[in-house]
>>> print(open('structure-v7.txt').read())   # compact mmCIF, C-alpha atoms
# COMPACT_ATOMS: atom_id res chain seq x y z
CA MET A 1 -15.97 -14.87 -20.42
CA LYS A 2 -15.46 -18.14 -18.55
CA CYS A 3 -13.51 -18.87 -15.39
CA ARG A 4 -10.19 -20.48 -16.24
CA VAL A 5 -10.65 -23.01 -13.45
CA CYS A 6 -14.30 -24.09 -13.48
CA ARG A 7 -15.64 -22.67 -16.80
CA GLU A 8 -18.49 -20.93 -14.97
CA PRO A 9 -19.17 -17.27 -15.84
CA ALA A 10 -16.21 -15.07 -14.89
CA VAL A 11 -16.48 -11.73 -13.11
CA ILE A 12 -12.95 -10.43 -13.65
CA ASP A 13 -10.10 -10.75 -16.08
CA VAL A 14 -6.43 -10.71 -15.04
CA ARG A 15 -4.77 -9.97 -18.33
CA ARG A 16 -1.16 -10.43 -17.26
CA HIS A 17 -2.05 -14.04 -16.40
CA ASN A 18 -4.25 -14.34 -19.51
CA ALA A 19 -6.94 -15.59 -17.16
CA ASN A 20 -10.53 -14.91 -16.13
CA PHE A 21 -12.00 -15.96 -12.80
CA CYS A 22 -15.36 -16.50 -11.12
CA THR A 23 -15.72 -15.06 -7.62
CA ASP A 24 -14.62 -18.19 -5.74
CA HIS A 25 -11.61 -18.86 -7.91
CA PHE A 26 -10.58 -15.21 -7.92
CA VAL A 27 -10.45 -15.26 -4.12
CA GLU A 28 -8.41 -18.45 -4.37
CA HIS A 29 -6.12 -16.73 -6.91
CA CYS A 30 -5.51 -13.82 -4.50
CA ARG A 31 -4.73 -16.14 -1.60
CA ARG A 32 -2.39 -18.16 -3.76
CA GLN A 33 -0.50 -15.07 -4.94
CA VAL A 34 -0.02 -13.83 -1.37
CA GLU A 35 1.02 -17.28 -0.21
CA ARG A 36 3.53 -17.49 -3.02
CA ALA A 37 4.97 -14.03 -2.28
CA ILE A 38 5.41 -14.97 1.39
CA HIS A 39 7.05 -18.26 0.46
CA ASP A 40 9.26 -17.05 -2.38
CA HIS A 41 10.66 -14.13 -0.38
CA ASP A 42 10.77 -15.84 3.03
CA MET A 43 8.58 -13.10 4.45
CA LEU A 44 6.98 -14.82 7.42
CA GLU A 45 7.13 -18.00 9.44
CA PRO A 46 3.82 -19.72 10.24
CA GLU A 47 4.14 -18.69 13.90
CA SER A 48 5.15 -15.08 13.18
CA ARG A 49 3.24 -12.35 15.02
CA VAL A 50 2.41 -9.75 12.40
CA LEU A 51 1.37 -6.13 12.73
CA VAL A 52 -0.42 -4.94 9.60
CA ALA A 53 -0.46 -1.22 8.91
CA VAL A 54 -4.07 -0.44 8.01
CA SER A 55 -5.36 2.76 6.48
CA GLY A 56 -8.96 1.86 5.73
CA GLY A 57 -8.06 1.52 2.05
CA LYS A 58 -8.50 -1.49 -0.19
CA ASP A 59 -4.95 -2.80 0.01
CA SER A 60 -4.41 -2.86 3.75
CA LEU A 61 -7.86 -4.26 4.58
CA ALA A 62 -7.53 -6.93 1.88
CA LEU A 63 -4.07 -7.76 3.20
CA TRP A 64 -5.31 -8.14 6.76
CA GLU A 65 -8.03 -10.56 5.66
CA LEU A 66 -5.74 -12.49 3.32
CA LEU A 67 -3.08 -12.99 6.00
CA LEU A 68 -5.73 -14.22 8.42
CA ALA A 69 -7.10 -16.59 5.77
CA LEU A 70 -3.61 -18.03 5.39
CA GLY A 71 -3.48 -18.73 9.11
CA HIS A 72 -1.23 -15.96 10.36
CA GLU A 73 -1.62 -14.18 13.69
CA VAL A 74 -2.24 -10.58 12.68
CA ASP A 75 -3.14 -7.45 14.60
CA GLY A 76 -3.83 -4.09 12.98
CA LEU A 77 -2.38 -0.65 13.55
CA TYR A 78 -4.22 2.43 12.34
CA LEU A 79 -2.58 5.84 12.33
CA GLY A 80 -4.94 8.83 12.46
CA LEU A 81 -3.42 11.52 10.28
CA GLY A 82 -5.82 14.35 11.06
CA ILE A 83 -6.78 14.92 7.43
CA GLY A 84 -10.35 16.07 8.03
CA GLU A 85 -13.27 13.93 6.92
CA TYR A 86 -10.95 11.62 5.02
CA SER A 87 -9.27 10.51 8.24
CA ASP A 88 -12.57 10.30 10.12
CA ARG A 89 -14.05 8.04 7.45
CA SER A 90 -11.00 5.83 7.05
CA ARG A 91 -10.76 5.31 10.81
CA ALA A 92 -14.46 4.41 11.05
CA LEU A 93 -14.12 1.85 8.24
CA THR A 94 -11.03 0.33 9.80
CA GLU A 95 -12.64 0.05 13.21
CA ALA A 96 -15.77 -1.48 11.68
CA PHE A 97 -13.67 -4.04 9.79
CA ALA A 98 -11.86 -5.05 12.97
CA ALA A 99 -15.00 -5.13 15.10
CA GLU A 100 -16.94 -7.29 12.65
CA ARG A 101 -14.17 -9.87 12.76
CA ALA A 102 -13.26 -9.51 16.45
CA LEU A 103 -9.71 -8.49 15.54
CA THR A 104 -7.22 -6.54 17.61
CA LEU A 105 -6.74 -3.01 16.29
CA ARG A 106 -4.33 -0.49 17.79
CA VAL A 107 -5.00 3.15 17.04
CA ILE A 108 -2.48 5.98 17.21
CA ASP A 109 -3.81 9.46 16.61
CA LEU A 110 -1.29 12.11 15.58
CA VAL A 111 -3.35 14.96 17.00
CA GLU A 112 -4.24 13.29 20.31
CA ASP A 113 -0.93 11.54 20.88
CA HIS A 114 1.60 13.91 19.31
CA GLY A 115 -0.15 17.25 19.03
CA PHE A 116 -0.15 17.82 15.29
CA ASP A 117 -1.81 16.71 12.09
CA ILE A 118 -0.32 16.04 8.68
CA PRO A 119 -1.28 19.39 7.12
CA ALA A 120 0.35 21.25 10.04
CA GLY A 121 3.34 18.92 10.05
CA ALA A 122 3.88 19.43 6.34
CA ARG A 123 3.76 23.19 6.71
CA ALA A 124 6.21 23.09 9.61
CA ALA A 125 8.58 20.81 7.72
CA LYS A 126 8.18 22.76 4.49
CA ARG A 127 7.72 19.44 2.76
CA ALA A 128 4.99 17.87 0.69
CA PRO A 129 2.29 16.38 2.90
CA CYS A 130 3.18 12.89 1.61
CA SER A 131 6.71 13.38 2.98
CA ALA A 132 5.54 14.29 6.50
CA CYS A 133 2.99 11.49 6.33
CA GLY A 134 5.53 8.88 5.26
CA LEU A 135 7.98 9.97 7.94
CA SER A 136 5.32 9.75 10.65
CA LYS A 137 4.09 6.36 9.46
CA ARG A 138 7.56 4.82 9.32
CA HIS A 139 8.47 6.08 12.77
CA LEU A 140 5.24 5.16 14.53
CA PHE A 141 4.81 1.78 12.84
CA ASP A 142 8.39 0.86 13.76
CA GLU A 143 7.85 1.99 17.33
CA ALA A 144 4.58 0.07 17.68
CA ALA A 145 6.15 -3.11 16.31
CA ARG A 146 9.06 -2.85 18.75
CA ASP A 147 6.79 -2.08 21.72
CA GLY A 148 4.38 -4.87 20.84
CA ASP A 149 7.15 -7.40 20.19
CA TYR A 150 5.85 -8.20 16.72
CA ASP A 151 8.00 -10.24 14.36
CA ALA A 152 7.15 -8.15 11.32
CA ILE A 153 5.24 -5.16 9.98
CA ALA A 154 3.16 -5.98 6.90
CA THR A 155 2.18 -3.18 4.55
CA GLY A 156 -0.31 -3.18 1.69
CA HIS A 157 2.07 -2.15 -1.07
CA ASN A 158 0.87 -3.88 -4.21
CA LEU A 159 2.42 -4.59 -7.60
CA ASP A 160 1.35 -1.20 -8.99
CA ASP A 161 2.82 0.62 -6.00
CA GLU A 162 6.13 -1.16 -6.27
CA ALA A 163 6.37 -0.83 -10.05
CA ALA A 164 5.60 2.91 -9.81
CA VAL A 165 8.18 3.47 -7.08
CA LEU A 166 10.73 1.50 -9.08
CA PHE A 167 9.89 3.54 -12.17
CA GLY A 168 10.44 6.79 -10.26
CA ASN A 169 13.65 5.60 -8.64
CA VAL A 170 15.06 4.49 -11.98
CA LEU A 171 14.04 7.72 -13.69
CA HIS A 172 16.08 9.64 -11.13
CA TRP A 173 18.66 6.88 -10.46
CA GLN A 174 18.08 7.01 -6.73
CA THR A 175 20.27 4.01 -6.11
CA GLU A 176 20.08 4.17 -2.32
CA TYR A 177 16.33 3.65 -2.60
CA LEU A 178 16.63 0.93 -5.23
CA GLY A 179 18.58 -1.17 -2.76
CA ARG A 180 15.78 -0.99 -0.25
CA GLN A 181 12.96 -1.88 -2.61
CA ALA A 182 13.00 -5.61 -1.97
CA PRO A 183 9.65 -6.92 -0.68
CA VAL A 184 11.34 -7.88 2.57
CA LEU A 185 13.51 -5.64 4.70
CA PRO A 186 15.10 -7.69 7.46
CA ALA A 187 15.12 -6.47 11.05
CA ARG A 188 18.30 -4.58 11.85
CA ASN A 189 19.67 -1.78 14.01
CA GLY A 190 16.40 -1.33 15.86
CA PHE A 191 14.22 -1.40 12.75
CA PRO A 192 11.65 -4.20 12.71
CA ARG A 193 11.27 -6.61 9.81
CA LYS A 194 9.03 -5.23 7.04
CA VAL A 195 7.19 -7.29 4.47
CA LYS A 196 4.99 -6.54 1.47
CA PRO A 197 2.88 -9.65 0.82
CA LEU A 198 0.75 -8.01 -1.93
CA VAL A 199 3.56 -7.53 -4.43
CA ARG A 200 2.13 -10.24 -6.69
CA LEU A 201 -1.31 -8.57 -6.87
CA ALA A 202 -2.20 -5.49 -8.90
CA GLU A 203 -4.33 -2.85 -7.21
CA ARG A 204 -7.24 -3.68 -9.50
CA GLU A 205 -7.12 -7.15 -7.97
CA THR A 206 -7.07 -5.93 -4.37
CA ALA A 207 -10.02 -3.65 -5.14
CA ALA A 208 -11.89 -6.53 -6.79
CA TYR A 209 -11.09 -8.74 -3.81
CA CYS A 210 -12.70 -6.20 -1.49
CA VAL A 211 -15.82 -5.93 -3.66
CA ILE A 212 -16.20 -9.70 -3.82
CA ARG A 213 -15.55 -10.19 -0.11
CA GLY A 214 -17.84 -7.34 0.90
CA ILE A 215 -15.04 -5.32 2.49
CA ASP A 216 -16.15 -1.70 2.83
CA TYR A 217 -13.08 0.43 2.20
CA ILE A 218 -12.45 4.12 1.64
CA VAL A 219 -12.72 4.60 -2.10
CA ASP A 220 -11.89 8.30 -2.10
CA GLU A 221 -8.28 9.19 -2.63
CA CYS A 222 -6.39 11.01 0.11
CA PRO A 223 -7.01 14.70 -0.64
CA MET A 224 -3.38 15.53 0.10
CA SER A 225 -2.02 13.15 -2.56
CA ALA A 226 -3.71 14.80 -5.54
CA GLY A 227 -1.23 15.41 -8.33
CA ASN A 228 1.67 13.61 -6.69
CA ARG A 229 4.34 12.06 -8.91
CA HIS A 230 3.48 8.54 -7.83
CA LEU A 231 0.05 8.80 -9.48
CA GLY A 232 1.65 10.05 -12.69
CA TYR A 233 4.01 7.07 -12.76
CA LYS A 234 1.09 4.71 -12.29
CA GLU A 235 -0.79 6.27 -15.17
CA ALA A 236 2.27 5.97 -17.40
CA LEU A 237 2.73 2.30 -16.51
CA ASN A 238 -0.97 1.57 -17.00
CA ALA A 239 -0.76 3.06 -20.49
CA ILE A 240 1.99 0.55 -21.27
CA GLU A 241 0.08 -2.27 -19.58
CA GLU A 242 -2.98 -1.55 -21.71
CA THR A 243 -1.19 -2.52 -24.90
CA SER A 244 1.29 -4.94 -23.37
CA PRO A 245 -0.27 -6.88 -20.48
CA GLY A 246 2.28 -8.16 -18.01
CA SER A 247 4.73 -5.30 -18.49
CA LYS A 248 4.45 -4.04 -14.92
CA ALA A 249 5.06 -7.47 -13.45
CA ALA A 250 7.97 -8.09 -15.82
CA PHE A 251 9.50 -4.73 -14.90
CA TYR A 252 9.24 -5.24 -11.14
CA ASN A 253 9.91 -8.98 -10.96
CA GLY A 254 12.83 -8.65 -13.38
CA PHE A 255 14.30 -6.02 -11.08
CA LEU A 256 13.96 -8.36 -8.09
CA ASP A 257 15.41 -11.31 -10.00
CA ARG A 258 18.29 -9.60 -11.72
CA ALA A 259 19.11 -6.20 -10.27
CA VAL A 260 18.08 -5.41 -6.70
CA GLU A 261 21.07 -7.14 -5.10
CA ARG A 262 23.42 -4.87 -7.05
CA PHE A 263 22.15 -1.92 -5.00
CA VAL A 264 21.82 -3.44 -1.55
CA THR A 265 25.32 -2.62 -0.31
CA GLU A 266 24.89 1.11 -0.65
CA ALA A 267 21.62 0.98 1.29
CA ASP A 268 23.18 -1.21 3.96
CA LEU A 269 26.01 1.26 4.49
CA GLY A 270 23.52 4.00 5.14
CA THR A 271 21.71 1.95 7.75
CA ASP A 272 24.81 0.67 9.53
CA ARG A 273 25.91 4.17 10.53
CA LEU A 274 22.78 4.85 12.57
CA GLY A 275 22.90 5.73 16.25
CA SER A 276 19.82 6.38 18.34
CA CYS A 277 17.63 9.40 19.00
CA ASP A 278 18.40 11.11 22.32
CA GLN A 279 14.73 11.86 22.82
CA CYS A 280 12.84 8.67 21.86
CA GLY A 281 15.60 6.08 21.39
CA ALA A 282 14.62 5.27 17.81
CA PRO A 283 17.38 4.50 15.28
CA SER A 284 18.64 7.78 13.88
CA SER A 285 21.61 9.25 12.09
CA ASN A 286 21.31 12.44 14.17
CA ASP A 287 21.08 13.27 17.87
CA ARG A 288 17.34 13.53 17.43
CA CYS A 289 15.35 11.55 14.92
CA ALA A 290 13.46 13.33 12.16
CA PHE A 291 10.11 12.48 13.74
CA CYS A 292 10.97 14.10 17.08
CA VAL A 293 12.19 17.19 15.22
CA LEU A 294 8.96 17.21 13.22
CA VAL A 295 6.84 16.99 16.38
CA GLU A 296 8.66 19.90 17.94
CA ARG A 297 8.50 22.06 14.83
CA ALA A 298 4.84 21.27 14.24
CA SER A 299 3.86 22.08 17.81
CA THR A 300 5.70 25.39 17.84
CA ALA A 301 5.45 26.39 14.20
CA SER A 302 5.11 30.10 13.87
CA GLY A 303 7.90 31.18 11.57
CA PRO A 304 9.77 30.08 8.46
CA GLN A 305 11.53 27.11 10.03
CA VAL A 306 12.94 24.26 7.96
CA VAL A 307 13.19 20.70 9.19
CA ALA A 308 15.89 18.43 7.82
CA LEU A 309 14.18 15.10 7.14
CA THR A 310 17.38 13.16 6.80
CA GLU A 311 16.20 9.65 7.61
CA LYS A 312 16.05 7.32 4.68
CA PRO A 313 12.54 6.22 3.72
CA MET A 314 11.47 2.61 3.93
CA ARG A 315 12.23 2.03 0.29
CA MET B 1 -23.71 -2.19 -24.57
CA THR B 2 -20.80 -4.14 -23.11
CA VAL B 3 -18.64 -2.93 -20.27
CA ALA B 4 -15.66 -2.78 -22.62
CA LYS B 5 -17.56 -0.41 -24.94
CA LEU B 6 -18.67 1.69 -22.00
CA LEU B 7 -15.08 2.14 -20.87
CA ASN B 8 -13.97 2.96 -24.40
CA ARG B 9 -16.67 5.59 -24.62
CA PHE B 10 -15.19 7.38 -21.61
CA ASP B 11 -11.61 6.66 -22.71
CA LEU B 12 -10.92 4.74 -19.52
CA LYS B 13 -8.19 2.11 -19.20
CA ARG B 14 -9.63 -1.03 -17.70
CA GLU B 15 -6.47 -1.60 -15.66
CA GLY B 16 -7.48 1.47 -13.65
CA VAL B 17 -11.16 0.78 -12.95
CA LEU B 18 -13.76 -1.75 -11.89
CA VAL B 19 -17.36 -1.70 -13.07
CA ILE B 20 -19.83 -2.58 -10.33
CA ARG B 21 -23.56 -3.14 -10.65
CA ASP B 22 -25.77 -3.93 -7.68
CA GLY B 23 -22.68 -4.61 -5.59
CA GLU B 24 -21.21 -7.13 -8.01
CA LEU B 25 -18.37 -6.94 -10.51
CA VAL B 26 -19.30 -6.86 -14.18
CA PRO B 27 -16.68 -8.31 -16.55
CA GLY B 28 -15.49 -6.66 -19.74
CA ASP B 29 -17.85 -8.63 -21.95
CA GLY B 30 -20.77 -8.15 -19.57
CA GLN B 31 -23.88 -6.74 -21.25
CA LEU B 32 -25.43 -3.67 -19.68
CA PRO B 33 -29.13 -2.88 -20.30
CA ASP B 34 -29.83 0.63 -21.51
CA ASP B 35 -31.27 1.59 -18.12
CA ALA B 36 -28.49 -0.01 -16.06
CA VAL B 37 -27.01 2.02 -13.22
CA VAL B 38 -23.36 1.17 -12.69
CA GLU B 39 -20.44 2.48 -10.66
CA ILE B 40 -17.15 2.93 -12.47
CA ARG B 41 -14.74 2.80 -9.57
CA SER B 42 -11.16 3.97 -9.86
CA VAL B 43 -8.69 1.57 -8.29
CA ILE B 44 -5.61 3.77 -8.52
CA SER B 45 -4.40 5.12 -5.20
CA GLY B 46 -1.70 7.63 -4.44
CA GLY B 47 0.37 5.41 -2.20
>>> encode(input="structure-v7.txt", output="structure tokens")
Amino acid sequence: MKCRVCREPAVIDVRRHNANFCTDHFVEHCRRQVERAIHDHDMLEPESRVLVAVSGGKDSLALWELLLALGHEVDGLYLGLGIGEYSDRSRALTEAFAAERALTLRVIDLVEDHGFDIPAGARAAKRAPCSACGLSKRHLFDEAARDGDYDAIATGHNLDDEAAVLFGNVLHWQTEYLGRQAPVLPARNGFPRKVKPLVRLAERETAAYCVIRGIDYIVDECPMSAGNRHLGYKEALNAIEETSPGSKAAFYNGFLDRAVERFVTEADLGTDRLGSCDQCGAPSSNDRCAFCVLVERASTASGPQVVALTEKPMR
Amino acid sequence: MTVAKLLNRFDLKREGVLVIRDGELVPGDGQLPDDAVVEIRSVISGG
């Protein structure tokens, strides 16, 4: 197997591009794909101040390094979820990554700063842990971006993530989510701009990037995500990709090129009705935002209380 | 044995894994000695 660029021995194949790469040209390939995503979707300006949401996983750490390599000003934000050793390890890896590169990392800890962890929050909300986690992340990332006057939040959603979410949303025809699945969500109504610069890279590529670049990331999967639907969608799409390379990219990019705009209006209507939370001031469709309700329920949970998580997710 | 054959033996889809030996990626056609110690690392995350 030879590198497509230099004909030296390759270390990885990218079948949807019908290409193999050596280490140097694979790194170049990753940078080029991120650069192209940023350019094609008008994600960031060269002078944009970016807050990257980092988890200690392969995608967010690779994203942080790739954005820096492309010359952007990027700080990190880590959210401690209180999920036992998994959270301890992911925080340590994130802090080590930032320290080795002298980067600015903000840390919010759910237990220390808000008095609950994800397992307790999920029980209080009577929701899947991923639901309480997603709600907390969206709220706290938005808040941190507003407080820090950042121009955009960058998240490590990759091609596989986006294709799997699209697959799930289409299966259930969740049109209000389809309209918000563009790789850029503009700032509006108190929500900061959100961008997904990894949408042109598969997760196998972000993992390979980390191995090649010596980025130590948390390989173990979050213990609370075992068996979630998202993983099942990924497995289904990978089965298709195995026999038909490029299917995932065609599915997702075709949606962006030919369909996403058809669903945007419905999503916009949902956002335009928002007021603000009486307690924290965040955009909300109720007197109190879902996060403030979650904090209260989690801190006082003792009975069979149900929390209405009515805010729309990021996508 | 090649990496591709190794993955076939365990019925693993290569889109979902990387094969790493001594800290370096091994491509699909990479030859593995009989006594090689490798990590087959899943790259699929729950999101």
>>> closest_residue(input="structure-v7.txt", among="B:Asp34, B:Ile20, B:Glu39, B:Phe10", to="chain A", atoms="only C-alpha atoms")
B:Ile20
>>> residues_around(input="structure-v7.txt", residues="Gly115 in chain A", least_positions_apart="5", cutoff="10 Å", atoms="only C-alpha atoms", output="NGL selection string")
:A and (109-110 or 120-121 or 295-296 or 298-299)
>>> closest_residue(input="structure-v7.txt", among="A:Gly254, A:Pro245, A:Pro119, A:Pro129", to="Glu15 in chain B", atoms="only C-alpha atoms")
A:Pro245
>>> closest_residue(input="structure-v7.txt", among="A:Leu63, A:Lys2, A:Phe191, A:Gly227", to="Asp151 in chain A", atoms="all atoms listed in the file")
A:Phe191
>>> interface_residues(input="structure-v7.txt", of="chain A", to="chain B", cutoff="8 Å", atoms="only C-alpha atoms", output="ChimeraX atom specification")
/A:1,10-13,157,161,203-204,207-208,211-212,219,221-222,225-226,228,230-231,234,238-239,241-242
>>> atom_distance(input="structure-v7.txt", atom1="CA of Ala4 in chain B", atom2="CA of Pro9 in chain A")
16.4 Å
>>> residues_near_point(input="structure-v7.txt", point="(7.1, 1.0, -16.3)", cutoff="12 Å", atoms="only C-alpha atoms", output="PyMOL selection string")
chain A and resi 159-171+230+232-242+244-255
>>> atom_distance(input="structure-v7.txt", atom1="CA of His172 in chain A", atom2="CA of Ser285 in chain A")
23.9 Å
>>> residues_near_point(input="structure-v7.txt", point="(-12.3, -0.8, 0.7)", cutoff="7 Å", atoms="all atoms listed in the file", output="ChimeraX atom specification")
/A:56-58,61,207,210,215-219
>>> write_last_selection(input="structure-v7.txt", atoms="C-alpha atoms", output="PDB file, in the frame of the given file")
ATOM      1  CA  GLY A  56      -8.960   1.860   5.730  1.00  0.00           C
ATOM      2  CA  GLY A  57      -8.060   1.520   2.050  1.00  0.00           C
ATOM      3  CA  LYS A  58      -8.500  -1.490  -0.190  1.00  0.00           C
ATOM      4  CA  LEU A  61      -7.860  -4.260   4.580  1.00  0.00           C
ATOM      5  CA  ALA A 207     -10.020  -3.650  -5.140  1.00  0.00           C
ATOM      6  CA  CYS A 210     -12.700  -6.200  -1.490  1.00  0.00           C
ATOM      7  CA  ILE A 215     -15.040  -5.320   2.490  1.00  0.00           C
ATOM      8  CA  ASP A 216     -16.150  -1.700   2.830  1.00  0.00           C
ATOM      9  CA  TYR A 217     -13.080   0.430   2.200  1.00  0.00           C
ATOM     10  CA  ILE A 218     -12.450   4.120   1.640  1.00  0.00           C
ATOM     11  CA  VAL A 219     -12.720   4.600  -2.100  1.00  0.00           C
TER      12      VAL A 219
END
>>> residues_around(input="structure-v7.txt", residues="range 256-265 of chain A", least_positions_apart="6", cutoff="8 Å", atoms="all atoms listed in the file", output="PDB file with C-alpha atoms, in the frame of the given file")
ATOM      1  CA  THR A 175      20.270   4.010  -6.110  1.00  0.00           C
ATOM      2  CA  GLU A 176      20.080   4.170  -2.320  1.00  0.00           C
ATOM      3  CA  LEU A 178      16.630   0.930  -5.230  1.00  0.00           C
ATOM      4  CA  GLY A 179      18.580  -1.170  -2.760  1.00  0.00           C
ATOM      5  CA  ARG A 180      15.780  -0.990  -0.250  1.00  0.00           C
ATOM      6  CA  GLN A 181      12.960  -1.880  -2.610  1.00  0.00           C
ATOM      7  CA  ALA A 182      13.000  -5.610  -1.970  1.00  0.00           C
TER       8      ALA A 182
END
>>> closest_residue(input="structure-v7.txt", among="A:Ala102, A:Asp220, A:Val199, A:Val5", to="Ser90 in chain A", atoms="all atoms listed in the file")
A:Asp220
>>> atom_distance(input="structure-v7.txt", atom1="CA of Ile40 in chain B", atom2="CA of Arg9 in chain B")
12.4 Å
>>> closest_residue(input="structure-v7.txt", among="A:Ala144, A:Leu44, A:Val34, A:Ala128", to="Arg229 in chain A", atoms="only C-alpha atoms")
A:Ala128
>>> closest_residue(input="structure-v7.txt", among="A:Glu45, A:Leu294, A:Ala53, A:Arg89", to="Gly71 in chain A", atoms="all atoms listed in the file")
A:Glu45
